[in-house]
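With TSV, C-alpha atoms inside, this is entry-v2.tsv:
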```
chain	number	residue	atom	x	y	z
A	879	MET	CA	39.23	-55.21	-0.87
A	880	THR	CA	38.34	-51.83	-2.28
A	881	ALA	CA	40.52	-49.76	-4.59
A	882	THR	CA	41.27	-47.25	-1.89
A	883	THR	CA	42.37	-50.03	0.47
A	884	ALA	CA	44.57	-51.71	-2.15
A	885	ASN	CA	46.22	-48.48	-3.14
A	886	PRO	CA	46.55	-45.96	-0.32
A	887	GLY	CA	47.57	-43.31	-2.84
A	888	LEU	CA	44.06	-43.29	-4.29
A	889	ARG	CA	41.53	-41.19	-2.43
A	890	ALA	CA	37.80	-41.28	-2.68
A	891	PRO	CA	36.42	-38.29	-4.60
A	892	ARG	CA	35.22	-35.48	-2.39
A	893	ARG	CA	31.50	-34.93	-2.28
A	894	ARG	CA	30.43	-31.64	-3.74
A	895	GLU	CA	28.65	-29.51	-1.21
A	896	PHE	CA	25.26	-28.16	-2.26
A	897	PRO	CA	25.56	-24.37	-2.19
A	898	LEU	CA	22.08	-23.85	-0.69
A	899	ASP	CA	20.58	-25.10	2.54
A	900	LEU	CA	17.03	-26.38	2.83
A	901	TRP	CA	15.77	-23.06	4.21
A	902	ASP	CA	17.42	-21.07	1.41
A	903	VAL	CA	15.05	-22.38	-1.27
A	904	PRO	CA	11.78	-20.92	0.12
A	905	ALA	CA	13.64	-17.71	0.99
A	906	LEU	CA	14.81	-17.31	-2.62
A	907	ALA	CA	11.29	-18.14	-3.84
A	908	VAL	CA	9.85	-15.35	-1.69
A	909	LEU	CA	12.59	-13.03	-2.96
A	910	VAL	CA	11.60	-13.79	-6.56
A	911	LEU	CA	7.94	-13.16	-5.67
A	912	ILE	CA	8.81	-9.80	-4.11
A	913	ALA	CA	10.78	-8.86	-7.23
A	914	ALA	CA	7.80	-9.77	-9.40
A	915	MET	CA	5.47	-7.69	-7.21
A	916	ILE	CA	7.77	-4.71	-7.71
A	917	LEU	CA	8.65	-5.10	-11.40
A	918	VAL	CA	5.36	-6.44	-12.81
A	919	PRO	CA	2.66	-5.69	-10.21
A	920	GLY	CA	-0.09	-5.87	-12.82
A	921	VAL	CA	0.66	-9.55	-13.42
A	922	VAL	CA	0.38	-10.44	-9.72
A	923	ALA	CA	-2.38	-8.03	-8.67
A	924	PRO	CA	-5.84	-8.96	-10.00
A	925	TYR	CA	-7.39	-5.46	-9.62
A	926	ASP	CA	-6.59	-1.77	-9.54
A	927	PRO	CA	-5.35	-1.12	-5.98
A	928	LEU	CA	-6.96	2.35	-5.90
A	929	ALA	CA	-10.30	1.42	-7.47
A	930	GLU	CA	-13.16	1.76	-4.96
A	931	ASN	CA	-16.07	-0.67	-5.13
A	932	LEU	CA	-18.81	-0.03	-2.61
A	933	ALA	CA	-20.72	-3.21	-3.51
A	934	PRO	CA	-18.63	-5.69	-1.44
A	935	PRO	CA	-16.84	-3.70	1.30
A	936	LEU	CA	-15.17	-5.64	4.11
A	937	SER	CA	-15.75	-9.00	2.45
A	938	GLY	CA	-13.73	-11.98	3.55
A	939	PRO	CA	-11.34	-14.03	1.39
A	940	SER	CA	-13.05	-15.51	-1.65
A	941	ALA	CA	-12.28	-16.75	-5.14
A	942	ALA	CA	-12.80	-13.26	-6.55
A	943	HIS	CA	-10.83	-11.57	-3.76
A	944	PRO	CA	-8.29	-14.02	-2.27
A	945	PHE	CA	-7.42	-11.67	0.62
A	946	GLY	CA	-10.82	-10.00	0.84
A	947	THR	CA	-11.62	-6.30	0.48
A	948	ASP	CA	-11.17	-3.25	2.71
A	949	TYR	CA	-13.73	-0.75	3.98
A	950	LEU	CA	-13.99	0.87	0.54
A	951	GLY	CA	-14.26	-2.40	-1.36
A	952	ARG	CA	-10.68	-2.25	-2.66
A	953	ASP	CA	-9.01	-5.59	-3.25
A	954	LEU	CA	-6.57	-6.22	-0.38
A	955	LEU	CA	-4.25	-8.50	-2.38
A	956	SER	CA	-3.85	-5.83	-5.07
A	957	ARG	CA	-3.10	-3.20	-2.42
A	958	ILE	CA	-0.48	-5.39	-0.74
A	959	VAL	CA	1.17	-6.02	-4.11
A	960	ALA	CA	1.12	-2.31	-4.95
A	961	GLY	CA	2.46	-1.44	-1.50
A	962	THR	CA	5.46	-3.69	-1.96
A	963	ALA	CA	7.23	-1.18	-4.19
A	964	ALA	CA	6.74	1.65	-1.69
A	965	THR	CA	8.00	-0.34	1.29
A	966	ILE	CA	10.92	-2.06	-0.43
A	967	SER	CA	12.09	1.02	-2.35
A	968	GLY	CA	11.93	3.12	0.82
A	969	SER	CA	13.91	0.49	2.70
A	970	PHE	CA	16.47	0.33	-0.12
A	971	ILE	CA	16.98	4.11	0.00
A	972	ALA	CA	17.37	3.98	3.78
A	973	VAL	CA	19.95	1.17	3.66
A	974	LEU	CA	21.83	2.88	0.84
A	975	ILE	CA	22.09	6.14	2.80
A	976	GLY	CA	23.22	4.34	5.95
A	977	LEU	CA	25.67	2.13	4.04
A	978	ILE	CA	27.38	4.91	2.08
A	979	ALA	CA	27.47	7.54	4.83
A	980	GLY	CA	28.25	5.12	7.65
A	981	THR	CA	30.96	3.25	5.75
A	982	ALA	CA	32.62	6.49	4.67
A	983	LEU	CA	32.52	7.84	8.22
A	984	GLY	CA	33.94	4.67	9.76
A	985	LEU	CA	36.55	4.32	7.02
A	986	LEU	CA	37.90	7.83	7.48
A	987	ALA	CA	37.79	7.62	11.27
A	988	ALA	CA	39.77	4.39	11.44
A	989	TYR	CA	42.24	5.29	8.69
A	990	PHE	CA	43.22	8.80	9.80
A	991	GLY	CA	42.55	8.39	13.53
A	992	ARG	CA	43.21	11.16	16.08
A	993	ALA	CA	41.08	14.26	15.41
A	994	VAL	CA	39.05	12.65	12.62
A	995	ASP	CA	38.35	9.60	14.77
A	996	SER	CA	37.37	11.83	17.69
A	997	VAL	CA	34.93	13.90	15.63
A	998	ALA	CA	33.42	10.81	14.02
A	999	GLY	CA	33.07	9.20	17.42
A	1000	ARG	CA	31.13	12.17	18.76
A	1001	ILE	CA	28.79	12.06	15.74
A	1002	VAL	CA	28.17	8.35	16.31
A	1003	ASP	CA	27.60	8.92	20.02
A	1004	VAL	CA	24.99	11.59	19.31
A	1005	LEU	CA	23.16	9.36	16.82
A	1006	LEU	CA	23.20	6.41	19.22
A	1007	SER	CA	22.00	8.51	22.15
A	1008	ILE	CA	18.69	9.28	20.41
A	1009	PRO	CA	16.16	6.44	20.02
A	1010	THR	CA	15.87	5.42	16.37
A	1011	LEU	CA	12.13	6.01	16.07
A	1012	LEU	CA	12.31	9.39	17.82
A	1013	LEU	CA	15.19	10.51	15.59
A	1014	SER	CA	13.32	9.37	12.47
A	1015	ILE	CA	10.15	11.22	13.48
A	1016	THR	CA	12.15	14.38	14.21
A	1017	ILE	CA	13.76	14.29	10.77
A	1018	ILE	CA	10.42	13.62	9.07
A	1019	VAL	CA	8.80	16.57	10.86
A	1020	ALA	CA	11.61	18.75	9.52
A	1021	LEU	CA	11.47	17.35	5.96
A	1022	GLY	CA	7.76	16.61	5.61
A	1023	PHE	CA	5.66	13.48	5.45
A	1024	GLY	CA	6.08	10.87	2.72
A	1025	THR	CA	7.79	7.58	1.94
A	1026	VAL	CA	10.98	9.16	0.59
A	1027	ASN	CA	11.41	11.44	3.60
A	1028	ALA	CA	10.74	8.49	5.90
A	1029	ALA	CA	13.44	6.55	4.05
A	1030	VAL	CA	15.90	9.42	4.47
A	1031	ALA	CA	15.09	9.59	8.19
A	1032	VAL	CA	15.59	5.85	8.68
A	1033	GLY	CA	18.83	6.00	6.68
A	1034	VAL	CA	20.25	8.79	8.82
A	1035	SER	CA	19.34	6.89	11.98
A	1036	SER	CA	21.25	3.82	10.74
A	1037	VAL	CA	24.49	5.66	9.91
A	1038	ALA	CA	25.94	5.03	13.36
A	1039	VAL	CA	25.50	1.24	13.07
A	1040	PHE	CA	27.40	1.07	9.79
A	1041	ALA	CA	30.05	3.51	10.98
A	1042	ARG	CA	30.90	1.48	14.08
A	1043	LEU	CA	31.21	-1.78	12.16
A	1044	ALA	CA	33.19	-0.20	9.31
A	1045	ARG	CA	35.58	1.41	11.79
A	1046	SER	CA	36.25	-1.88	13.58
A	1047	GLU	CA	36.83	-3.70	10.28
A	1048	VAL	CA	39.19	-1.02	8.95
A	1049	LEU	CA	41.18	-1.00	12.20
A	1050	ALA	CA	41.80	-4.72	11.72
A	1051	VAL	CA	43.12	-4.15	8.18
A	1052	ARG	CA	44.83	-0.76	8.48
A	1053	HIS	CA	48.18	-2.03	9.79
A	1054	LEU	CA	48.44	-5.32	7.94
A	1055	PRO	CA	51.75	-5.88	6.10
A	1056	PHE	CA	50.40	-5.47	2.57
A	1057	VAL	CA	48.81	-2.09	3.45
A	1058	GLU	CA	51.98	-0.82	5.06
A	1059	ALA	CA	54.02	-2.12	2.11
A	1060	ALA	CA	51.82	-0.21	-0.35
A	1061	GLU	CA	52.16	2.90	1.81
A	1062	HIS	CA	55.97	2.63	1.85
A	1063	MET	CA	55.96	2.23	-1.93
A	1064	GLY	CA	54.37	5.65	-2.25
A	1065	ALA	CA	50.66	4.87	-2.60
A	1066	GLY	CA	48.48	7.84	-1.73
A	1067	HIS	CA	45.72	7.88	0.83
A	1068	LEU	CA	42.95	7.54	-1.75
A	1069	ARG	CA	44.62	4.58	-3.44
A	1070	LEU	CA	45.23	2.88	-0.09
A	1071	LEU	CA	41.64	3.38	0.96
A	1072	LEU	CA	39.99	2.24	-2.27
A	1073	ARG	CA	42.42	-0.43	-3.47
A	1074	HIS	CA	43.65	-2.06	-0.26
A	1075	VAL	CA	41.69	-1.15	2.86
A	1076	LEU	CA	38.07	-1.05	1.67
A	1077	PRO	CA	38.09	-4.26	-0.46
A	1078	ASN	CA	39.45	-6.21	2.51
A	1079	SER	CA	36.97	-4.88	5.07
A	1080	TYR	CA	33.64	-4.69	3.27
A	1081	SER	CA	32.32	-8.26	3.76
A	1082	ALA	CA	30.96	-7.73	7.29
A	1083	VAL	CA	29.46	-4.37	6.29
A	1084	LEU	CA	27.75	-5.99	3.30
A	1085	SER	CA	26.22	-8.66	5.53
A	1086	LEU	CA	25.02	-5.94	7.89
A	1087	ALA	CA	23.39	-4.12	4.96
A	1088	ALA	CA	21.22	-7.17	4.23
A	1089	LEU	CA	20.25	-7.39	7.90
A	1090	GLN	CA	19.55	-3.67	8.04
A	1091	PHE	CA	17.25	-4.06	5.04
A	1092	GLY	CA	14.87	-6.06	7.22
A	1093	THR	CA	15.20	-3.51	10.02
A	1094	ALA	CA	14.49	-0.72	7.54
A	1095	ILE	CA	11.31	-2.48	6.37
A	1096	LEU	CA	10.07	-2.58	9.97
A	1097	ALA	CA	11.01	1.07	10.50
A	1098	ILE	CA	9.35	2.28	7.27
A	1099	ALA	CA	6.20	0.28	8.05
A	1100	SER	CA	6.16	1.62	11.63
A	1101	LEU	CA	6.42	5.23	10.48
A	1102	SER	CA	3.62	4.72	7.94
A	1103	PHE	CA	1.53	3.04	10.64
A	1104	LEU	CA	1.96	6.13	12.80
A	1105	GLY	CA	1.06	8.42	9.90
A	1106	TYR	CA	4.54	9.80	9.15
A	1107	GLY	CA	5.25	7.77	6.02
A	1108	ALA	CA	3.05	7.02	3.00
A	1109	GLN	CA	-0.23	8.92	2.96
A	1110	PRO	CA	-3.68	7.63	1.85
A	1111	PRO	CA	-4.86	6.51	-0.61
A	1112	GLN	CA	-1.44	5.19	-1.66
A	1113	PRO	CA	-0.95	1.63	-0.39
A	1114	GLU	CA	1.98	0.75	1.86
A	1115	TRP	CA	2.30	-2.22	4.19
A	1116	GLY	CA	2.39	-0.24	7.43
A	1117	LEU	CA	-0.41	2.05	6.24
A	1118	LEU	CA	-2.55	-0.97	5.34
A	1119	ILE	CA	-2.16	-2.27	8.88
A	1120	SER	CA	-3.07	1.14	10.25
A	1121	GLU	CA	-6.24	1.24	8.12
A	1122	GLY	CA	-7.20	-2.31	9.08
A	1123	ARG	CA	-6.75	-1.93	12.84
A	1124	ASN	CA	-10.17	-0.25	13.11
A	1125	TYR	CA	-11.75	-3.50	11.91
A	1126	ILE	CA	-9.44	-5.97	13.62
A	1127	ASN	CA	-12.23	-7.54	15.70
A	1128	SER	CA	-14.65	-8.14	12.85
A	1129	HIS	CA	-12.19	-8.53	9.96
A	1130	PRO	CA	-8.73	-9.52	11.30
A	1131	THR	CA	-7.49	-10.42	7.80
A	1132	LEU	CA	-7.12	-6.71	7.04
A	1133	VAL	CA	-4.24	-6.70	9.55
A	1134	LEU	CA	-3.13	-10.31	9.18
A	1135	PHE	CA	-2.16	-10.35	5.50
A	1136	PRO	CA	-0.10	-7.11	5.44
A	1137	SER	CA	1.61	-8.27	8.64
A	1138	LEU	CA	2.48	-11.60	7.03
A	1139	ALA	CA	3.96	-9.73	4.06
A	1140	ILE	CA	6.26	-7.81	6.42
A	1141	VAL	CA	7.25	-10.93	8.35
A	1142	LEU	CA	8.04	-12.93	5.19
A	1143	ALA	CA	10.06	-10.07	3.70
A	1144	VAL	CA	12.12	-9.58	6.87
A	1145	MET	CA	12.76	-13.32	7.30
A	1146	THR	CA	13.75	-13.62	3.64
A	1147	LEU	CA	16.25	-10.76	3.90
A	1148	SER	CA	17.64	-12.23	7.12
A	1149	ARG	CA	18.29	-15.48	5.25
A	1150	LEU	CA	19.82	-13.51	2.39
A	1151	ALA	CA	22.21	-11.91	4.87
A	1152	HIS	CA	23.23	-15.39	5.97
A	1153	LEU	CA	23.93	-16.37	2.36
A	1154	ILE	CA	26.02	-13.23	1.80
A	1155	ARG	CA	27.99	-13.93	4.97
A	1156	LYS	CA	28.79	-17.46	3.74
A	1157	LYS	CA	29.71	-16.21	0.28
A	1158	VAL	CA	32.01	-13.32	1.18
A	1159	GLY	CA	32.94	-14.25	4.71
```

What is this structure when it is put down as C-alpha cells?
Amino acid sequence: MTATTANPGLRAPRRREFPLDLWDVPALAVLVLIAAMILVPGVVAPYDPLAENLAPPLSGPSAAHPFGTDYLGRDLLSRIVAGTAATISGSFIAVLIGLIAGTALGLLAAYFGRAVDSVAGRIVDVLLSIPTLLLSITIIVALGFGTVNAAVAVGVSSVAVFARLARSEVLAVRHLPFVEAAEHMGAGHLRLLLRHVLPNSYSAVLSLAALQFGTAILAIASLSFLGYGAQPPQPEWGLLISEGRNYINSHPTLVLFPSLAIVLAVMTLSRLAHLIRKKVG
C-alpha cells in the first residue's frame, strides 16, 4: 500500500511543466543566430559583403564559400548575414508604426465611441479597401525608394489590422466593473486608458505584433525584390533573391539560400508569437 493510499490527505506532488515545447528550442536557436547576425555580423560573416572578386564568380558552395558566390564574386553567406540587419530592422520599424498607430486608433475609437469611432472606422475601411502591396508601393513612390521608406509604407498598411483588434479588445474591457468603478471615483480619461483599459487589453495585440513581424519581413523582402526597397549594392534578402533570379537555372543556390533565410525567420517569429500568447494570454 502506497503512502497516498494509506493517507488520503497526502497528494502526490504535481509534476512541473516544462515551459518550452520541443519546437520552441530550434526556434529560439534561430532567434539567437539572427540576433548575432545583426549585432556582430563580422563574427558570422567570413568576408566583406561588398567586396567584389572577379576570380571565382558564380561558384557553388565550397569550404571557402559555404553558400557560393554571386555574379561579381561576392560571398553569398556574407551578403545574407549583412542583409539580415536591413530586413529585420525594416520589419521592426514597420511593426512599431503599425502597433503604436493602430493601437492608439483602436483604443480611442472603442473608448470614446460615437463620432470618434465613426471616423476611425472610416479610416480603417479605407486602409483595408486598398491591397497592402499596392498601398505600400504608392507610399514609397511618394516618399522615395529605400529600406526605411519601405518600412514606413508597410507600417502604414498594417495600421488597420492593429486598430481592429485593439478596438475589439478595448470594447470587451471598457464596461467591466473595475473600469466603471474607477470612473465613478473620479479617474480621468487618460488615467482610465493607461492604467485600467490598456493593460488589460494588450495581450492579444502583442501576440499580433509578433505575427505581423513575419508578415512585415515578407512585405519588406517583396518590395526590395520589386526594386522599391533596398538598392544595390547594399544587401537585403529580397534584393538578393532578385539578383539571383537571373541565374536560377544554372545557379539555384543564389535564390535558395536567401529564401531559406526568409522562411526560417518567419517561422521563428510565428513560434515566438505562440510563446507570447501562452505567456500573456

Review point. Neighbours of A:Asp926 within 10 Å (all atoms listed in the file; same-chain residues fewer than 3 positions away dropped), as an MDAnalysis selection string?
Key: chainID A and resid 920 923 929:930 952:953 956:957 960

**Study point:** Residue list as a PyMOL selection string for point (-3.6, 5.7, 9.8), cut-off 7 Å, all atoms listed in the file
**Key:** chain A and resi 1103-1105+1117+1120-1121

Exercise for review: Please measure the separation of atom CA of A:Leu986 and atom CA of A:Leu1043, giving the value in Å to one decimal.
Suggested key: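 Pair atom CA of A:Leu986 / atom CA of A:Leu1043 returns 12.6 Å.
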
Study note, to complete from the structure: Between atom CA of A:Val1057 and atom CA of A:Ser1036 lies a distance of 29.1 Å

Exercise for review: Calculate how many Å separate atom CA of A:Leu1153 from atom CA of A:Asp899, rounding to one decimal.
Suggested key: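 Interatomic distance here is 9.4 Å.
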
Revision key, fill the gap. From the list A:Thr965, A:Ser1128, A:Thr947, A:Ser1046, the nearest residue to A:Pro1113 using all atoms listed in the file is A:Thr965

**Study point:** Shell around A:Ala979 at 7 Å using only C-alpha atoms, local window under 4 positions removed, as a PyMOL selection string
**Key:** chain A and resi 975+983+1037

Taking C-alpha atoms for each residue, export the selection above as an mmCIF file, keeping the file's coordinate frame.
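Listing of again01.cif after writing:
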```cif
data_model
loop_
_atom_site.group_PDB
_atom_site.id
_atom_site.type_symbol
_atom_site.label_atom_id
_atom_site.label_comp_id
_atom_site.auth_asym_id
_atom_site.auth_seq_id
_atom_site.Cartn_x
_atom_site.Cartn_y
_atom_site.Cartn_z
ATOM 1 C CA ILE A 975 22.090 6.140 2.800
ATOM 2 C CA LEU A 983 32.520 7.840 8.220
ATOM 3 C CA VAL A 1037 24.490 5.660 9.910
#
```

Review point. Nearest to A:Val1075 among A:Ser1035, A:Asn1027, A:Thr981, A:Asn1124, with distances taken over all atoms listed in the file: which residue is it?
Key: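 Distance minimum relative to A:Val1075 lands on A:Thr981.
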
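Closest to A:Phe945 among A:Leu1134, A:Leu1150, A:Ala1108, A:Leu1072 is A:Leu1134, based on all atoms listed in the file.
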
Review point. Which of these, A:Ala964, A:His943, A:Leu1142, A:Gly938, has the shortest distance to A:Ile916 once you count all atoms listed in the file?
Key: A:Ala964

Exercise for review: Using only C-alpha atoms, find the one residue out of A:Val1083, A:Leu955, A:Ala1139, A:Val918 that sits nearest to A:Ala1044.
Suggested key: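 Result for the nearest residue to A:Ala1044: A:Val1083.
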
Review point. Which of these, A:Ala1094, A:Ala1088, A:Val1144, A:Ala963, has the shortest distance to A:Thr1010 once you count all atoms listed in the file?
Key: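 That would be A:Ala1094, the residue with the smallest distance to A:Thr1010.
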
Practice item. Just the residues within 12 Å of A:Gly991, please, counting all atoms listed in the file, with nothing from its chain fewer than 5 positions along; format it as an MDAnalysis selection string. Key: chainID A and resid 983:986 996:999 1045 1048:1049 1052

**Study point:** Close residues, A:Leu911 itself excluded, 12 Å, all atoms listed in the file, min 4 positions apart in chain, as a list in words
**Key:**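 Answer for this query is Pro904, Ala905, Leu906, Ala907, Met915, Ile916, Leu917, Val918, Pro919, Val921, Val922, Ala923, Val959, Thr962, Ala1139, Leu1142, Ala1143 and Thr1146 of chain A.
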
Can stretch 945-976 of chain A be brought up to N, CA and C atoms and written out as an mmCIF file, in the frame of the given file?
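Done, and the output landed in selection-v8.cif:
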```
data_model
loop_
_atom_site.group_PDB
_atom_site.id
_atom_site.type_symbol
_atom_site.label_atom_id
_atom_site.label_comp_id
_atom_site.auth_asym_id
_atom_site.auth_seq_id
_atom_site.Cartn_x
_atom_site.Cartn_y
_atom_site.Cartn_z
ATOM 1 N N PHE A 945 -7.692 -12.234 -0.700
ATOM 2 C CA PHE A 945 -7.420 -11.670 0.620
ATOM 3 C C PHE A 945 -8.580 -10.844 1.152
ATOM 4 N N GLY A 946 -9.679 -10.802 0.440
ATOM 5 C CA GLY A 946 -10.820 -10.000 0.840
ATOM 6 C C GLY A 946 -10.702 -8.566 0.366
ATOM 7 N N THR A 947 -11.606 -7.717 0.855
ATOM 8 C CA THR A 947 -11.620 -6.300 0.480
ATOM 9 C C THR A 947 -11.606 -5.437 1.736
ATOM 10 N N ASP A 948 -11.220 -4.161 1.567
ATOM 11 C CA ASP A 948 -11.170 -3.250 2.710
ATOM 12 C C ASP A 948 -12.494 -2.511 2.859
ATOM 13 N N TYR A 949 -12.484 -1.447 3.670
ATOM 14 C CA TYR A 949 -13.730 -0.750 3.980
ATOM 15 C C TYR A 949 -14.290 0.032 2.804
ATOM 16 N N LEU A 950 -13.506 0.208 1.749
ATOM 17 C CA LEU A 950 -13.990 0.870 0.540
ATOM 18 C C LEU A 950 -14.166 -0.110 -0.615
ATOM 19 N N GLY A 951 -14.072 -1.395 -0.331
ATOM 20 C CA GLY A 951 -14.260 -2.400 -1.360
ATOM 21 C C GLY A 951 -13.043 -2.625 -2.237
ATOM 22 N N ARG A 952 -11.898 -2.060 -1.871
ATOM 23 C CA ARG A 952 -10.680 -2.250 -2.660
ATOM 24 C C ARG A 952 -10.063 -3.610 -2.356
ATOM 25 N N ASP A 953 -9.574 -4.251 -3.398
ATOM 26 C CA ASP A 953 -9.010 -5.590 -3.250
ATOM 27 C C ASP A 953 -7.733 -5.535 -2.409
ATOM 28 N N LEU A 954 -7.696 -6.299 -1.305
ATOM 29 C CA LEU A 954 -6.570 -6.220 -0.380
ATOM 30 C C LEU A 954 -5.306 -6.810 -0.989
ATOM 31 N N LEU A 955 -5.432 -7.900 -1.742
ATOM 32 C CA LEU A 955 -4.250 -8.500 -2.380
ATOM 33 C C LEU A 955 -3.596 -7.505 -3.329
ATOM 34 N N SER A 956 -4.397 -6.810 -4.120
ATOM 35 C CA SER A 956 -3.850 -5.830 -5.070
ATOM 36 C C SER A 956 -3.160 -4.689 -4.328
ATOM 37 N N ARG A 957 -3.700 -4.290 -3.183
ATOM 38 C CA ARG A 957 -3.100 -3.200 -2.420
ATOM 39 C C ARG A 957 -1.796 -3.640 -1.749
ATOM 40 N N ILE A 958 -1.732 -4.884 -1.309
ATOM 41 C CA ILE A 958 -0.480 -5.390 -0.740
ATOM 42 C C ILE A 958 0.590 -5.471 -1.818
ATOM 43 N N VAL A 959 0.205 -5.945 -3.005
ATOM 44 C CA VAL A 959 1.170 -6.020 -4.110
ATOM 45 C C VAL A 959 1.655 -4.624 -4.491
ATOM 46 N N ALA A 960 0.726 -3.675 -4.595
ATOM 47 C CA ALA A 960 1.120 -2.310 -4.950
ATOM 48 C C ALA A 960 1.957 -1.660 -3.844
ATOM 49 N N GLY A 961 1.697 -2.009 -2.599
ATOM 50 C CA GLY A 961 2.460 -1.440 -1.500
ATOM 51 C C GLY A 961 3.853 -1.985 -1.358
ATOM 52 N N THR A 962 4.132 -3.104 -2.045
ATOM 53 C CA THR A 962 5.460 -3.690 -1.960
ATOM 54 C C THR A 962 6.527 -2.738 -2.484
ATOM 55 N N ALA A 963 6.242 -2.093 -3.597
ATOM 56 C CA ALA A 963 7.230 -1.180 -4.190
ATOM 57 C C ALA A 963 7.541 -0.027 -3.254
ATOM 58 N N ALA A 964 6.512 0.524 -2.594
ATOM 59 C CA ALA A 964 6.740 1.650 -1.690
ATOM 60 C C ALA A 964 7.589 1.237 -0.497
ATOM 61 N N THR A 965 7.272 0.091 0.103
ATOM 62 C CA THR A 965 8.000 -0.340 1.290
ATOM 63 C C THR A 965 9.425 -0.756 0.960
ATOM 64 N N ILE A 966 9.587 -1.559 -0.083
ATOM 65 C CA ILE A 966 10.920 -2.060 -0.430
ATOM 66 C C ILE A 966 11.807 -0.946 -0.963
ATOM 67 N N SER A 967 11.264 -0.073 -1.806
ATOM 68 C CA SER A 967 12.090 1.020 -2.350
ATOM 69 C C SER A 967 12.492 1.985 -1.236
ATOM 70 N N GLY A 968 11.569 2.270 -0.308
ATOM 71 C CA GLY A 968 11.930 3.120 0.820
ATOM 72 C C GLY A 968 12.996 2.488 1.689
ATOM 73 N N SER A 969 12.898 1.198 1.906
ATOM 74 C CA SER A 969 13.910 0.490 2.700
ATOM 75 C C SER A 969 15.250 0.486 1.982
ATOM 76 N N PHE A 970 15.225 0.322 0.658
ATOM 77 C CA PHE A 970 16.470 0.330 -0.120
ATOM 78 C C PHE A 970 17.159 1.683 -0.023
ATOM 79 N N ILE A 971 16.396 2.759 -0.130
ATOM 80 C CA ILE A 971 16.980 4.110 0.000
ATOM 81 C C ILE A 971 17.587 4.288 1.384
ATOM 82 N N ALA A 972 16.873 3.822 2.410
ATOM 83 C CA ALA A 972 17.370 3.980 3.780
ATOM 84 C C ALA A 972 18.675 3.219 3.988
ATOM 85 N N VAL A 973 18.727 1.970 3.501
ATOM 86 C CA VAL A 973 19.950 1.170 3.660
ATOM 87 C C VAL A 973 21.090 1.781 2.855
ATOM 88 N N LEU A 974 20.789 2.289 1.675
ATOM 89 C CA LEU A 974 21.830 2.880 0.840
ATOM 90 C C LEU A 974 22.430 4.119 1.508
ATOM 91 N N ILE A 975 21.583 4.951 2.094
ATOM 92 C CA ILE A 975 22.090 6.140 2.800
ATOM 93 C C ILE A 975 22.950 5.724 3.985
ATOM 94 N N GLY A 976 22.456 4.791 4.791
ATOM 95 C CA GLY A 976 23.220 4.340 5.950
ATOM 96 C C GLY A 976 24.517 3.667 5.559
#
```
